[in-house]
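Structure file start_12.txt; described as compact mmCIF, C-alpha atoms and all ligand atoms.
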# COMPACT_ATOMS: atom_id res chain seq x y z
CA MET A 96 2.72 -16.29 5.39
CA ASN A 97 1.02 -18.65 2.99
CA ILE A 98 -1.27 -18.71 -0.01
CA ASP A 99 -4.30 -20.88 -0.64
CA PHE A 100 -6.45 -21.12 -3.77
CA LYS A 101 -9.92 -22.48 -4.40
CA LYS A 102 -11.25 -22.32 -7.92
CA SER A 103 -14.97 -22.36 -8.51
CA ASN A 104 -16.24 -25.21 -10.64
CA LEU A 105 -18.61 -23.08 -12.67
CA ASN A 106 -17.63 -21.85 -16.11
CA ASP A 107 -14.18 -23.39 -15.82
CA LYS A 108 -12.74 -22.89 -19.30
CA GLY A 109 -9.75 -25.09 -18.65
CA PHE A 110 -8.19 -23.21 -15.74
CA ASP A 111 -5.83 -26.09 -14.93
CA SER A 112 -4.14 -26.23 -18.33
CA VAL A 113 -3.76 -22.43 -18.46
CA TYR A 114 -2.33 -22.45 -14.92
CA GLU A 115 0.14 -25.19 -15.82
CA ASN A 116 1.25 -23.34 -18.91
CA LEU A 117 1.80 -20.10 -16.96
CA SER A 118 3.60 -21.99 -14.19
CA SER A 119 5.99 -23.44 -16.74
CA LEU A 120 6.90 -19.87 -17.77
CA LEU A 121 7.67 -18.78 -14.23
CA PRO A 122 11.34 -19.87 -14.08
CA TYR A 123 11.87 -17.78 -17.24
CA VAL A 124 10.10 -14.61 -15.99
CA HIS A 125 11.72 -15.02 -12.56
CA ASN A 126 15.12 -14.90 -14.24
CA LEU A 127 14.11 -11.94 -16.40
CA LEU A 128 13.26 -10.09 -13.22
CA VAL A 129 16.11 -11.12 -10.96
CA ASN A 130 18.80 -10.87 -13.64
CA LYS A 131 17.37 -7.57 -14.89
CA LYS A 132 16.87 -8.74 -18.47
CA GLY A 133 13.19 -7.83 -18.94
CA LYS A 134 11.30 -4.66 -19.88
CA GLY A 135 11.75 -1.74 -17.49
CA ASN A 136 14.94 -3.26 -16.10
CA ASN A 137 16.30 0.15 -15.12
CA PHE A 138 13.59 0.27 -12.40
CA LEU A 139 14.51 -2.85 -10.45
CA GLY A 140 16.36 -1.20 -7.57
CA TRP A 141 13.56 -2.32 -5.22
CA ILE A 142 14.67 -5.97 -5.52
CA ASP A 143 17.77 -5.43 -3.34
CA LEU A 144 16.48 -2.31 -1.61
CA PRO A 145 15.74 -3.96 1.76
CA LEU A 146 19.45 -4.87 1.98
CA HIS A 147 20.80 -1.47 0.86
CA ILE A 148 18.43 0.70 2.88
CA GLN A 149 19.75 -0.70 6.19
CA LYS A 150 22.61 1.82 6.22
CA LEU A 151 20.17 4.74 6.02
CA LEU A 152 17.81 3.61 8.78
CA LYS A 153 19.80 5.29 11.59
CA ASP A 154 19.77 8.65 9.79
CA ILE A 155 16.05 8.35 9.04
CA ASN A 156 15.31 7.48 12.68
CA GLU A 157 17.33 10.51 13.86
CA THR A 158 15.35 12.85 11.60
CA ALA A 159 12.13 11.19 12.77
CA THR A 160 13.07 11.72 16.44
CA TYR A 161 13.83 15.39 15.72
CA ILE A 162 10.37 15.84 14.15
CA GLN A 163 8.69 13.87 16.96
CA LYS A 164 10.21 16.21 19.57
CA LYS A 165 9.13 19.37 17.77
CA CYS A 166 5.73 18.52 16.31
CA GLU A 167 2.21 17.29 16.92
CA ILE A 168 1.57 16.84 13.21
CA LEU A 169 3.67 15.83 10.20
CA VAL A 170 2.06 16.71 6.88
CA VAL A 171 3.20 14.36 4.12
CA ILE A 172 2.89 16.13 0.77
CA GLY A 173 2.84 13.61 -2.10
CA ILE A 174 0.63 11.71 -4.51
CA GLY A 175 0.50 8.13 -5.88
CA GLY A 176 3.54 6.16 -4.83
CA SER A 177 4.77 9.12 -2.81
CA TYR A 178 2.06 8.70 -0.17
CA LEU A 179 0.01 5.49 -0.61
CA GLY A 180 2.59 3.14 0.92
CA THR A 181 3.09 5.43 3.91
CA LYS A 182 -0.64 5.59 4.57
CA ALA A 183 -0.96 1.81 4.13
CA VAL A 184 1.73 0.97 6.67
CA ILE A 185 0.72 3.58 9.23
CA GLU A 186 -2.96 2.65 9.17
CA SER A 187 -2.35 -1.07 9.33
CA LEU A 188 -0.21 -0.69 12.44
CA SER A 189 -1.84 2.20 14.33
CA HIS A 190 -4.79 2.74 16.65
CA HIS A 191 -7.98 2.98 14.57
CA PHE A 192 -8.89 6.28 16.19
CA ASN A 193 -5.38 7.67 16.20
CA SER A 194 -6.50 11.20 15.37
CA LEU A 195 -8.88 11.25 18.35
CA GLN A 196 -6.56 9.88 20.99
CA ASN A 197 -6.18 12.38 23.81
CA TYR A 198 -2.66 11.34 24.52
CA ARG A 199 -0.63 10.40 21.49
CA LYS A 200 3.04 9.56 21.91
CA TYR A 201 3.94 10.32 18.30
CA PRO A 202 2.89 13.00 15.79
CA LEU A 203 -0.25 12.48 13.76
CA ILE A 204 0.51 12.00 10.05
CA LEU A 205 -1.76 13.99 7.74
CA PHE A 206 -1.63 14.11 3.96
CA ALA A 207 -1.68 16.87 1.35
CA GLY A 208 -0.87 17.10 -2.35
CA GLN A 209 -2.89 13.93 -3.03
CA THR A 210 -5.95 16.05 -3.85
CA MET A 211 -6.59 19.52 -5.23
CA SER A 212 -9.79 19.97 -3.26
CA GLU A 213 -9.77 23.55 -2.04
CA ASP A 214 -11.91 22.70 0.98
CA TYR A 215 -9.53 19.91 2.01
CA ILE A 216 -6.53 22.27 2.01
CA SER A 217 -8.54 24.98 3.72
CA ASP A 218 -9.58 22.58 6.52
CA LEU A 219 -5.98 21.39 6.85
CA LEU A 220 -4.68 24.99 7.19
CA GLU A 221 -7.29 25.63 9.87
CA ILE A 222 -5.91 22.68 11.89
CA LEU A 223 -2.29 23.69 11.28
CA ASN A 224 -2.95 27.21 12.62
CA GLU A 225 -3.40 25.61 16.04
CA LYS A 226 -0.76 22.89 15.99
CA GLU A 227 3.00 22.45 15.98
CA TYR A 228 3.84 20.89 12.65
CA ALA A 229 6.43 19.93 10.05
CA LEU A 230 6.31 19.08 6.36
CA ALA A 231 7.71 16.09 4.46
CA VAL A 232 7.55 17.01 0.78
CA ILE A 233 7.84 13.92 -1.39
CA SER A 234 8.06 13.79 -5.16
CA LYS A 235 10.42 11.51 -7.04
CA SER A 236 10.23 13.62 -10.18
CA GLY A 237 10.00 16.84 -8.20
CA THR A 238 7.65 18.22 -10.85
CA THR A 239 4.22 16.69 -10.09
CA THR A 240 1.55 19.40 -10.09
CA GLU A 241 -0.64 18.32 -7.16
CA PRO A 242 2.13 18.14 -4.52
CA ALA A 243 3.85 21.21 -5.99
CA ILE A 244 0.66 23.26 -5.51
CA ALA A 245 0.15 21.94 -1.98
CA PHE A 246 3.76 22.73 -1.09
CA ARG A 247 3.52 26.27 -2.41
CA ILE A 248 0.50 26.88 -0.17
CA LEU A 249 1.92 25.11 2.88
CA LYS A 250 5.37 26.69 2.50
CA ASN A 251 3.66 30.06 2.66
CA HIS A 252 1.79 28.97 5.77
CA ILE A 253 4.74 27.46 7.63
CA GLU A 254 6.98 30.46 6.86
CA SER A 255 4.31 32.91 8.05
CA LYS A 256 3.75 30.90 11.19
CA TYR A 257 7.37 30.24 12.25
CA GLY A 258 9.50 32.62 10.15
CA LYS A 259 11.70 31.51 7.27
CA ALA A 260 14.63 30.30 9.40
CA GLU A 261 12.57 28.05 11.68
CA ALA A 262 10.38 26.89 8.77
CA LYS A 263 13.55 25.55 7.16
CA ASN A 264 14.12 23.32 10.21
CA ARG A 265 10.61 21.94 9.79
CA ILE A 266 10.75 21.00 6.12
CA VAL A 267 12.25 17.75 4.84
CA THR A 268 12.22 16.97 1.13
CA ILE A 269 12.52 13.58 -0.56
CA THR A 270 13.21 13.74 -4.28
CA ASP A 271 15.57 13.00 -7.17
CA LYS A 272 19.29 13.35 -6.49
CA GLU A 273 19.74 16.11 -9.07
CA LYS A 274 16.68 16.86 -11.25
CA GLY A 275 13.37 18.61 -10.75
CA ALA A 276 11.98 21.80 -9.21
CA LEU A 277 11.79 20.29 -5.72
CA LYS A 278 15.52 19.45 -5.82
CA THR A 279 16.36 22.99 -7.00
CA LEU A 280 14.22 24.50 -4.24
CA SER A 281 15.74 22.19 -1.62
CA VAL A 282 19.26 23.30 -2.53
CA GLN A 283 18.25 26.98 -2.65
CA GLU A 284 16.53 26.88 0.73
CA GLY A 285 18.90 24.40 2.41
CA TYR A 286 16.29 21.82 3.40
CA LYS A 287 17.24 18.46 4.85
CA THR A 288 16.83 16.20 1.79
CA TYR A 289 16.70 12.48 1.11
CA VAL A 290 17.16 10.94 -2.33
CA VAL A 291 14.70 8.62 -4.09
CA PRO A 292 16.94 6.11 -5.89
CA ASP A 293 16.86 6.46 -9.70
CA ASP A 294 16.07 2.79 -10.14
CA VAL A 295 13.02 2.66 -7.84
CA GLY A 296 9.68 3.80 -9.28
CA GLY A 297 7.12 5.68 -7.18
CA ARG A 298 4.82 2.74 -6.50
CA TYR A 299 7.81 0.63 -5.42
CA SER A 300 9.25 3.30 -3.11
CA VAL A 301 7.59 2.66 0.26
CA LEU A 302 10.73 1.01 1.65
CA THR A 303 12.93 3.99 0.70
CA SER A 304 13.00 7.23 2.71
CA VAL A 305 9.74 8.10 0.84
CA GLY A 306 7.81 5.79 3.16
CA LEU A 307 10.27 5.11 5.93
CA LEU A 308 10.66 8.68 7.21
CA PRO A 309 6.95 9.40 7.83
CA ILE A 310 6.40 5.82 9.01
CA ALA A 311 9.19 6.27 11.58
CA VAL A 312 7.75 9.63 12.67
CA ALA A 313 4.47 7.78 13.36
CA GLY A 314 6.38 5.63 15.88
CA ILE A 315 6.52 2.46 13.78
CA ASP A 316 9.69 0.35 13.98
CA ILE A 317 11.22 0.67 10.50
CA VAL A 318 14.02 -1.76 11.32
CA LYS A 319 11.46 -4.53 11.87
CA LEU A 320 9.50 -3.44 8.78
CA VAL A 321 12.58 -3.67 6.54
CA ASN A 322 13.58 -6.91 8.23
CA GLY A 323 10.20 -8.40 7.24
CA ALA A 324 10.88 -7.37 3.64
CA CYS A 325 14.34 -9.02 3.80
CA LEU A 326 12.80 -12.27 5.06
CA MET A 327 10.26 -12.31 2.25
CA ARG A 328 12.99 -11.43 -0.26
CA ASN A 329 14.87 -14.59 0.79
CA ASP A 330 11.72 -16.63 0.25
CA VAL A 331 10.56 -15.30 -3.10
CA LEU A 332 14.04 -15.33 -4.64
CA GLN A 333 13.95 -19.14 -4.38
CA GLU A 334 13.39 -20.69 -7.76
CA ASN A 335 10.88 -23.43 -7.07
CA GLU A 336 7.21 -24.17 -7.52
CA ASN A 337 6.47 -23.60 -3.82
CA ASN A 338 7.39 -19.93 -4.23
CA ILE A 339 4.26 -18.08 -3.07
CA ALA A 340 4.88 -15.15 -5.43
CA TRP A 341 5.04 -17.58 -8.36
CA LYS A 342 1.73 -19.11 -7.26
CA TYR A 343 -0.01 -15.76 -6.87
CA ALA A 344 1.27 -14.48 -10.24
CA ALA A 345 0.25 -17.67 -12.07
CA ILE A 346 -3.18 -18.01 -10.44
CA ARG A 347 -4.28 -14.42 -11.08
CA ASN A 348 -3.14 -14.55 -14.73
CA ALA A 349 -4.82 -17.92 -15.27
CA LEU A 350 -8.03 -16.47 -13.84
CA LEU A 351 -7.71 -13.47 -16.17
CA GLN A 352 -7.37 -15.81 -19.14
CA ASN A 353 -10.52 -17.58 -17.87
CA GLY A 354 -12.57 -14.39 -18.10
CA LYS A 355 -12.09 -13.06 -14.57
CA SER A 356 -10.98 -9.52 -15.31
CA ILE A 357 -11.45 -7.97 -11.86
CA GLU A 358 -9.43 -8.85 -8.78
CA LEU A 359 -11.06 -7.79 -5.53
CA MET A 360 -8.69 -7.38 -2.58
CA VAL A 361 -10.70 -8.34 0.49
CA ASN A 362 -9.96 -7.53 4.11
CA TYR A 363 -11.91 -8.05 7.31
CA SER A 364 -10.41 -5.11 9.17
CA PRO A 365 -10.62 -1.40 8.33
CA SER A 366 -6.97 -1.02 9.30
CA LEU A 367 -6.12 -2.72 5.98
CA ASN A 368 -8.18 -0.40 3.77
CA SER A 369 -5.23 1.79 2.88
CA PHE A 370 -3.13 -1.29 2.26
CA SER A 371 -5.66 -2.19 -0.44
CA GLU A 372 -5.30 1.33 -1.87
CA TRP A 373 -1.52 0.87 -2.08
CA TRP A 374 -2.01 -2.55 -3.72
CA LYS A 375 -4.49 -1.05 -6.22
CA GLN A 376 -1.90 1.47 -7.40
CA LEU A 377 0.86 -1.14 -7.50
CA TYR A 378 -1.10 -3.54 -9.71
CA GLY A 379 -3.28 -1.05 -11.61
CA GLU A 380 -0.42 1.20 -12.69
CA SER A 381 1.94 -1.72 -13.32
CA GLU A 382 -0.36 -3.94 -15.37
CA GLY A 383 -3.05 -1.80 -16.98
CA LYS A 384 -1.38 -1.38 -20.38
CA ASN A 385 -1.88 -2.22 -24.06
CA GLY A 386 -5.51 -3.16 -23.44
CA LYS A 387 -4.42 -5.77 -20.88
CA GLY A 388 -4.42 -6.35 -17.13
CA LEU A 389 -6.73 -7.20 -14.27
CA PHE A 390 -8.70 -4.30 -12.82
CA PRO A 391 -7.75 -4.08 -9.13
CA ALA A 392 -10.58 -3.20 -6.78
CA ALA A 393 -11.12 -3.65 -3.05
CA VAL A 394 -13.75 -4.34 -0.42
CA SER A 395 -13.67 -4.28 3.37
CA ASN A 396 -15.85 -6.91 5.01
CA THR A 397 -18.11 -7.53 6.59
CA THR A 398 -18.98 -3.85 5.96
CA ASP A 399 -19.13 -4.18 2.18
CA LEU A 400 -21.07 -7.44 2.27
CA HIS A 401 -23.97 -5.13 3.05
CA SER A 402 -23.33 -2.97 0.00
CA LEU A 403 -21.39 -4.81 -2.73
CA GLY A 404 -22.06 -8.32 -1.39
CA GLN A 405 -25.12 -8.72 -3.58
CA TYR A 406 -23.16 -7.91 -6.74
CA ILE A 407 -20.23 -10.13 -5.84
CA GLN A 408 -22.55 -13.08 -5.15
CA ASP A 409 -24.87 -12.63 -8.07
CA GLY A 410 -23.97 -9.85 -10.53
CA ALA A 411 -21.89 -10.08 -13.72
CA ARG A 412 -19.39 -12.95 -13.25
CA LEU A 413 -16.21 -10.94 -13.80
CA MET A 414 -14.30 -11.22 -10.59
CA PHE A 415 -12.27 -13.28 -8.22
CA GLU A 416 -11.27 -12.40 -4.67
CA THR A 417 -7.93 -12.24 -2.89
CA THR A 418 -8.51 -12.22 0.85
CA LEU A 419 -5.88 -10.95 3.27
CA HIS A 420 -6.47 -13.26 6.22
CA VAL A 421 -5.05 -12.11 9.59
CA GLU A 422 -5.00 -14.96 12.10
CA MET A 423 -4.66 -13.07 15.40
CA SER A 424 -5.92 -9.72 16.55
CA LYS A 425 -4.16 -7.51 19.12
CA SER A 426 -7.16 -7.35 21.43
CA ASN A 427 -9.51 -9.79 23.08
CA ILE A 428 -13.21 -8.94 23.31
CA SER A 429 -15.80 -11.65 23.67
CA ILE A 430 -19.60 -11.53 23.61
CA PRO A 431 -20.97 -11.02 27.12
CA TYR A 432 -23.73 -13.22 28.60
CA ASP A 433 -27.16 -11.57 28.78
CA LYS A 434 -29.75 -13.24 30.92
CA GLU A 435 -32.68 -11.73 28.96
CA ASN A 436 -31.18 -12.78 25.60
CA THR A 437 -33.71 -10.59 23.75
CA ASP A 438 -31.27 -10.24 20.86
CA ASP A 439 -30.82 -14.07 20.71
CA LEU A 440 -27.06 -13.72 20.81
CA ASN A 441 -26.34 -15.99 23.76
CA TYR A 442 -25.28 -18.72 21.34
CA LEU A 443 -22.21 -16.55 20.74
CA CYS A 444 -21.47 -16.16 24.43
CA GLU A 445 -17.76 -15.99 25.21
CA LYS A 446 -16.84 -16.22 21.54
CA THR A 447 -14.36 -13.51 20.56
CA LEU A 448 -15.13 -11.01 17.81
CA THR A 449 -12.13 -12.34 15.89
CA TYR A 450 -13.60 -15.85 15.99
CA ILE A 451 -16.94 -14.55 14.70
CA ASN A 452 -15.20 -12.44 12.04
CA HIS A 453 -13.25 -15.50 10.88
CA GLN A 454 -16.45 -17.54 10.56
CA ALA A 455 -17.95 -14.69 8.52
CA GLU A 456 -14.85 -14.81 6.31
CA LYS A 457 -15.08 -18.59 5.82
CA GLY A 458 -18.83 -18.43 5.22
CA THR A 459 -18.41 -15.66 2.67
CA GLN A 460 -15.73 -17.56 0.78
CA VAL A 461 -17.94 -20.65 0.52
CA ALA A 462 -20.89 -18.54 -0.62
CA HIS A 463 -18.86 -16.62 -3.21
CA LEU A 464 -17.27 -19.82 -4.52
CA SER A 465 -20.74 -21.19 -5.13
CA GLY A 466 -21.45 -17.98 -7.06
CA ASP A 467 -18.41 -18.58 -9.33
CA VAL A 468 -16.04 -16.21 -7.55
CA PRO A 469 -12.69 -18.03 -7.21
CA GLN A 470 -10.87 -17.47 -3.92
CA ILE A 471 -7.20 -16.73 -3.26
CA THR A 472 -6.33 -16.39 0.44
CA ILE A 473 -3.09 -14.86 1.65
CA SER A 474 -2.65 -15.49 5.37
CA ILE A 475 -0.47 -13.78 7.91
CA GLU A 476 -0.25 -14.43 11.62
CA LYS A 477 -0.85 -10.89 12.84
CA LEU A 478 -0.58 -7.25 11.89
CA ASP A 479 2.90 -6.19 12.94
CA GLU A 480 5.89 -4.54 11.32
CA GLU A 481 7.50 -7.77 10.20
CA ASN A 482 4.38 -9.13 8.51
CA ILE A 483 3.57 -5.84 6.80
CA GLY A 484 7.17 -5.70 5.51
CA LYS A 485 6.71 -9.24 4.20
CA LEU A 486 3.42 -8.42 2.50
CA ILE A 487 4.89 -5.34 0.81
CA TYR A 488 7.81 -7.24 -0.65
CA PHE A 489 5.62 -10.19 -1.61
CA PHE A 490 3.18 -8.04 -3.60
CA GLU A 491 6.00 -6.03 -5.21
CA PHE A 492 7.85 -9.13 -6.38
CA ALA A 493 4.71 -10.93 -7.52
CA CYS A 494 3.69 -7.80 -9.46
CA GLY A 495 6.94 -7.88 -11.43
CA LEU A 496 6.45 -11.58 -12.24
CA SER A 497 2.80 -11.10 -13.08
CA GLY A 498 3.51 -8.16 -15.41
CA TYR A 499 6.08 -10.20 -17.30
CA LEU A 500 3.65 -13.14 -17.59
CA LEU A 501 1.18 -10.66 -19.04
CA GLY A 502 3.75 -9.49 -21.57
CA ILE A 503 3.86 -5.83 -20.55
CA ASN A 504 6.43 -3.54 -18.93
CA PRO A 505 5.31 -3.45 -15.28
CA PHE A 506 7.62 -0.57 -14.39
CA ASP A 507 6.45 2.34 -16.54
CA GLN A 508 3.22 4.38 -16.53
CA PRO A 509 2.88 6.18 -19.90
CA GLY A 510 -0.91 6.44 -19.54
CA VAL A 511 -0.63 8.77 -16.54
CA GLU A 512 0.55 11.59 -18.81
CA ALA A 513 -2.69 11.84 -20.85
CA TYR A 514 -4.77 13.68 -18.25
CA LYS A 515 -1.87 16.01 -17.48
CA LYS A 516 -1.58 17.20 -21.10
CA ASN A 517 -5.26 18.13 -21.22
CA MET A 518 -5.22 19.72 -17.77
CA PHE A 519 -2.19 21.85 -18.65
CA ARG A 520 -3.78 22.91 -21.94
CA LEU A 521 -6.96 23.97 -20.14
CA LEU A 522 -4.92 25.83 -17.52
CA GLY A 523 -2.96 27.65 -20.22
CA LYS A 524 0.48 26.25 -19.32
CA ASP A 525 3.16 26.89 -21.98
O1 LIG B 601 4.24 5.07 -9.28
C1 LIG B 601 4.44 6.14 -9.84
O2 LIG B 601 5.49 6.34 -10.46
C2 LIG B 601 3.47 7.29 -9.76
O3 LIG B 601 2.25 6.94 -9.27
C3 LIG B 601 4.04 8.38 -8.89
O4 LIG B 601 4.27 7.85 -7.61
C4 LIG B 601 3.14 9.59 -8.79
O5 LIG B 601 2.77 10.00 -10.06
C5 LIG B 601 3.85 10.70 -8.07
O6 LIG B 601 5.04 11.03 -8.74
P1 LIG B 601 6.19 11.87 -8.05
O7 LIG B 601 6.67 11.13 -6.86
O8 LIG B 601 7.24 12.00 -9.11
O9 LIG B 601 5.60 13.20 -7.67
Target format structure tokens, applied to this file:
Amino acid sequence: MNIDFKKSNLNDKGFDSVYENLSSLLPYVHNLLVNKKGKGNNFLGWIDLPLHIQKLLKDINETATYIQKKCEILVVIGIGGSYLGTKAVIESLSHHFNSLQNYRKYPLILFAGQTMSEDYISDLLEILNEKEYALAVISKSGTTTEPAIAFRILKNHIESKYGKAEAKNRIVTITDKEKGALKTLSVQEGYKTYVVPDDVGGRYSVLTSVGLLPIAVAGIDIVKLVNGACLMRNDVLQENENNIAWKYAAIRNALLQNGKSIELMVNYSPSLNSFSEWWKQLYGESEGKNGKGLFPAAVSNTTDLHSLGQYIQDGARLMFETTLHVEMSKSNISIPYDKENTDDLNYLCEKTLTYINHQAEKGTQVAHLSGDVPQITISIEKLDEENIGKLIYFFEFACGLSGYLLGINPFDQPGVEAYKKNMFRLLGKD
């Protein structure tokens, strides 16, 4: 994995000196993070998590196998950090049309509790009437309203469908070790339960049982995923200027200080769309505080070049792009020869779609640079468990560094409470 940066030459308000200044602070913020001396230091369990979680992988895989044998569908009930990482990993490593495959070796993972749309839940119940299913109920606090509502409805459904005793065998909960309504219910009902470590916040929890159980049920190798995270951990713990997390943290903050307040995560494959959603939560919730922080947004190209491309090239000059470049695809489809050539595409004959997609990516970066959109590129060889594990750990670590460079606590989320207070008041909660 490597990182490349091209700054645009337009409106450069001294990027280099700001970058150098931020880079000189990196040894200090690195030590704050690693030695747990900075703000939010009681939420740094994720730093060593890939080492500690190894001992739980066998148990998680056994539970996953049990669910795989019994079910066609696993419904993951959770919101924010309790589902985004799961969705990101599964979608980046699965068949694009997973839900339509006639023969699927592993259960389909569906989501609930991430929305309160009545029609969504109603459609889900309609599907579950016909299918063998299980529930993974995930809430670190065990008190979040959206998943609690979804679980109440789905608990009713699963108990009516299978009876209380069998329903119990089909419900796994993942929550705090002692607090919260979900923990109380789990003890009362005797559900199989995993613990979310106290020192790992929701958006950093994908490599705990929160993400690993549903990811394993989807047939993804969690040993390789965690191994990828361990490899990246070894790299980014190195204190030197070649550290790619240092570079990413310094570049994005230098761009912010140069007036680029929006970071667009760019992919060239729809399988990475949910990865961008996970990244948006990680950076948005970690850094958007005290009137500070980059606004994280995402596009999927070349699709979005035909919708947002115009704005990126030519609209308000607020953004820079971070492209996730994937060198190799799993498949090999090239453009067939056509003797009529009515569509004038014979010049692409025998070129693979990946080659064409890569040229689109390069061409877009050159065009956007000329429109004053600086370009960060993060490259991986291919989409597999090891590389996704590496990317997860890389972005988590860089987020901690970046938050400290920004001067905020990257590990709390006080702003999330504001909407809840108003919602509860309107709903008449005591
Ligand atoms: O990152 C976070 O802490 C939040 O986004 C949470 O993941 C989200 O609010 C869900 O919380 P919980 O898992 O406690 O239900």
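Taking all atoms listed in the file into account, every polymer residue with at least one atom at most 8 Å away from ligand LIG 601 (chain B) is listed here: Gly173, Ile174, Gly175, Gly176, Ser177, Tyr178, Ile233, Ser234, Lys235, Ser236, Gly237, Thr238, Thr239, Thr240, Pro242, Thr270, Gly296, Gly297, Arg298, Tyr299, Gln376, Leu377, Glu380, Asp507, Gln508 and Val511 of chain A.
We find atom CA of A:Leu448 and atom CA of A:Asn427 to be spaced 7.8 Å apart.
Using only C-alpha atoms for every distance, the candidate list A:Val232, A:Ile168, A:Cys494, A:Leu277 yields A:Cys494 as the residue closest to A:Gly379.
Distances here use only C-alpha atoms; by that measure, the residue among A:Val113, A:Gln454, A:Leu307, A:Met360 closest to A:Lys319 is A:Leu307.
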Please work out which residues fall within 9 Å of (-8.4, 1.0, -0.2), coordinates as given in the file, with only C-alpha atoms counting, and return them as an mmCIF file with C-alpha atoms, in the frame of the given file.
data_model
loop_
_atom_site.group_PDB
_atom_site.id
_atom_site.type_symbol
_atom_site.label_atom_id
_atom_site.label_comp_id
_atom_site.auth_asym_id
_atom_site.auth_seq_id
_atom_site.Cartn_x
_atom_site.Cartn_y
_atom_site.Cartn_z
ATOM 1 C CA ALA A 183 -0.960 1.810 4.130
ATOM 2 C CA MET A 360 -8.690 -7.380 -2.580
ATOM 3 C CA LEU A 367 -6.120 -2.720 5.980
ATOM 4 C CA ASN A 368 -8.180 -0.400 3.770
ATOM 5 C CA SER A 369 -5.230 1.790 2.880
ATOM 6 C CA PHE A 370 -3.130 -1.290 2.260
ATOM 7 C CA SER A 371 -5.660 -2.190 -0.440
ATOM 8 C CA GLU A 372 -5.300 1.330 -1.870
ATOM 9 C CA TRP A 373 -1.520 0.870 -2.080
ATOM 10 C CA TRP A 374 -2.010 -2.550 -3.720
ATOM 11 C CA LYS A 375 -4.490 -1.050 -6.220
ATOM 12 C CA ALA A 392 -10.580 -3.200 -6.780
ATOM 13 C CA ALA A 393 -11.120 -3.650 -3.050
ATOM 14 C CA VAL A 394 -13.750 -4.340 -0.420
ATOM 15 C CA SER A 395 -13.670 -4.280 3.370
#
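Coordinates place atom CA of A:Met96 at a distance of 12.2 Å from atom CA of A:Phe490.
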For the point (3.3, -17.4, -19.4) in file coordinates, what residues are within 12 Å, counting all atoms listed in the file? Give the answer as number ranges by chain?
A: 112-125, 341, 344-349, 352, 496-503
Export C-alpha atoms of the chosen residues as an mmCIF file, keeping the file's coordinate frame?
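out.cif, written as the output of this step:
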data_model
loop_
_atom_site.group_PDB
_atom_site.id
_atom_site.type_symbol
_atom_site.label_atom_id
_atom_site.label_comp_id
_atom_site.auth_asym_id
_atom_site.auth_seq_id
_atom_site.Cartn_x
_atom_site.Cartn_y
_atom_site.Cartn_z
ATOM 1 C CA SER A 112 -4.140 -26.230 -18.330
ATOM 2 C CA VAL A 113 -3.760 -22.430 -18.460
ATOM 3 C CA TYR A 114 -2.330 -22.450 -14.920
ATOM 4 C CA GLU A 115 0.140 -25.190 -15.820
ATOM 5 C CA ASN A 116 1.250 -23.340 -18.910
ATOM 6 C CA LEU A 117 1.800 -20.100 -16.960
ATOM 7 C CA SER A 118 3.600 -21.990 -14.190
ATOM 8 C CA SER A 119 5.990 -23.440 -16.740
ATOM 9 C CA LEU A 120 6.900 -19.870 -17.770
ATOM 10 C CA LEU A 121 7.670 -18.780 -14.230
ATOM 11 C CA PRO A 122 11.340 -19.870 -14.080
ATOM 12 C CA TYR A 123 11.870 -17.780 -17.240
ATOM 13 C CA VAL A 124 10.100 -14.610 -15.990
ATOM 14 C CA HIS A 125 11.720 -15.020 -12.560
ATOM 15 C CA TRP A 341 5.040 -17.580 -8.360
ATOM 16 C CA ALA A 344 1.270 -14.480 -10.240
ATOM 17 C CA ALA A 345 0.250 -17.670 -12.070
ATOM 18 C CA ILE A 346 -3.180 -18.010 -10.440
ATOM 19 C CA ARG A 347 -4.280 -14.420 -11.080
ATOM 20 C CA ASN A 348 -3.140 -14.550 -14.730
ATOM 21 C CA ALA A 349 -4.820 -17.920 -15.270
ATOM 22 C CA GLN A 352 -7.370 -15.810 -19.140
ATOM 23 C CA LEU A 496 6.450 -11.580 -12.240
ATOM 24 C CA SER A 497 2.800 -11.100 -13.080
ATOM 25 C CA GLY A 498 3.510 -8.160 -15.410
ATOM 26 C CA TYR A 499 6.080 -10.200 -17.300
ATOM 27 C CA LEU A 500 3.650 -13.140 -17.590
ATOM 28 C CA LEU A 501 1.180 -10.660 -19.040
ATOM 29 C CA GLY A 502 3.750 -9.490 -21.570
ATOM 30 C CA ILE A 503 3.860 -5.830 -20.550
#
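Between atom CA of A:Leu332 and atom CA of A:His420 there is a distance of 23.3 Å.
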Among A:Thr397, A:Tyr161, A:Ala513, A:Lys477, A:Gly458 is approached most closely, using all atoms listed in the file, by A:Thr397
Identify, on the basis of all atoms listed in the file, every residue whose closest approach to A:Asn264 does not exceed 9 Å; exclude the query and any residue fewer than 4 positions from it along the same chain; express the result as an mmCIF file with C-alpha atoms, in the frame of the given file.
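Here's the written file result.cif:
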data_model
loop_
_atom_site.group_PDB
_atom_site.id
_atom_site.type_symbol
_atom_site.label_atom_id
_atom_site.label_comp_id
_atom_site.auth_asym_id
_atom_site.auth_seq_id
_atom_site.Cartn_x
_atom_site.Cartn_y
_atom_site.Cartn_z
ATOM 1 C CA ALA A 229 6.430 19.930 10.050
ATOM 2 C CA ALA A 260 14.630 30.300 9.400
ATOM 3 C CA TYR A 286 16.290 21.820 3.400
ATOM 4 C CA LYS A 287 17.240 18.460 4.850
#
With a distance cut-off of 8 Å and only C-alpha atoms, select the neighbouring residues of A:Gly306, excluding the residue or stretch itself and same-chain residues fewer than 3 positions from it, and output the selection as JSON, numbers by chain.
{"A": [177, 178, 180, 181, 300, 301, 302, 303, 309, 310]}
